[in-house]
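Engineer: Pasting a structure below so you can have a look.
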Amino acid sequence: MKLPVFLLLTGLGLGACHKSDVKPDEQPSEIAAAFDKDFTLHYQQQASLPTQQQPELTVKLDEVAFTYCPPNAKCLVGTMAWPTLRITDAQGQTQVLPQVTPPKNLLPNDTLSVRANGRRYLLTYVQWQLDKQVKEYDNPTKQQFGLTFRVTKPN
């Protein structure tokens with residue numbers, strides 16, 4: 001009796017495995033972004049504003065925390081992604097956001113004030129989205145979330 005149960009459980013366990021196309025060690029390329037325009041980052045990706053050659057600000061998506069609820073499931077908590085950002089100014093000064101005690105999750109449409117280069121910038125977390133290749137039965141990884149931001153430069 002134990003052998004059939006063991007074989008059944010082993011078969012179910014192997015059948016539930018799904019290989020992901022995402023390579024966790026692969027670093028996404030750096031992008032150039034413009035002030036007052038939306039840009040999307042993936043885990044460990046960074047954007048240089050306004051150019052990569054002489055960035056005034058560099059925004060790096062340091063960490064992505066998320067919950068996932070498949071489309072046809074009933075979950076207590078829906079799908080959501082929360083970023084941790086590393087902001088570096090032209091002088092090399094770095095700060096990690098959100099920078100609050102106790103830690104607070106940054107939600108879509110939240111705006112933070114960032115002090116860099118002797119002035120304040122407004123950083124808005126616009127939205128998150130899952131990559132299109134994520135299937136309903138997949139358990140996505142943090143690399144498959146794209147988070148969109150906007151940085152407004154003061155006048």
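Chain lettering (A, B, ...) mirrors the order of the structure tokens, residue numbering begins at 1 for each chain separately, and ligand numbering begins at 1 in order of display.
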When you look at Gly78 of chain A with a cut-off of 8 Å (counting only C-alpha atoms), what residues show up, excluding the ones that are within fewer than 6 positions of it in the same chain? I need them as a count of residues only.
Structural biologist: 3
Engineer: I'd like the neighbourhood of segment 148-153 of chain A as a PyMOL selection string, where a residue qualifies if any of its atoms comes within 12 Å (using only C-alpha atoms), though same-chain residues fewer than 3 positions away should be ignored.
Structural biologist: chain A and resi 33-43+45-50+56-61+81-83+85+87+106-130+145
Engineer: Give me, please, the distance in Å between atom CA of Asp131 of chain A and atom CA of Lys74 of chain A, quoted to one decimal.
Structural biologist: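 Going from atom CA of Asp131 of chain A over to atom CA of Lys74 of chain A covers 21.5 Å.
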Engineer: Run DSSP on the backbone and tell me which residues of segment 64-132 of chain A come out as strand (DSSP E); list them as a ChimeraX atom specification.
Structural biologist: /A:64-67,80-89,94-97,111-116,119-130
Engineer: Between A:Lys104, A:Pro154, A:Asp138, A:Gln44, which residue has the minimum interatomic distance to Val64 of chain A, considering only C-alpha atoms?
Structural biologist: A:Gln44
Engineer: For the atom pair atom CA of Ala90 of chain A and atom CA of Pro55 of chain A, what is the interatomic distance in Å to one decimal place?
Structural biologist: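 Atom-to-atom, atom CA of Ala90 of chain A to atom CA of Pro55 of chain A, that is 6.3 Å.
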Engineer: For Glu63 of chain A, which of A:Val96, A:Ile31, A:Val134, A:Cys75 is the closest residue, counting only C-alpha atoms?
Structural biologist: A:Val96
Engineer: My list of candidates is A:Gly146, A:Gln52, A:Gln133, A:Asp62. Which is closest to Arg86 of chain A when distances are computed with only C-alpha atoms?
Structural biologist: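 Under the stated criterion, the closest residue is A:Asp62.
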Engineer: Please report the interatomic distance between atom CA of Asn105 of chain A and atom CA of Phe66 of chain A in Å with one decimal.
Structural biologist: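 Here the two named atoms are 10.4 Å from each other.
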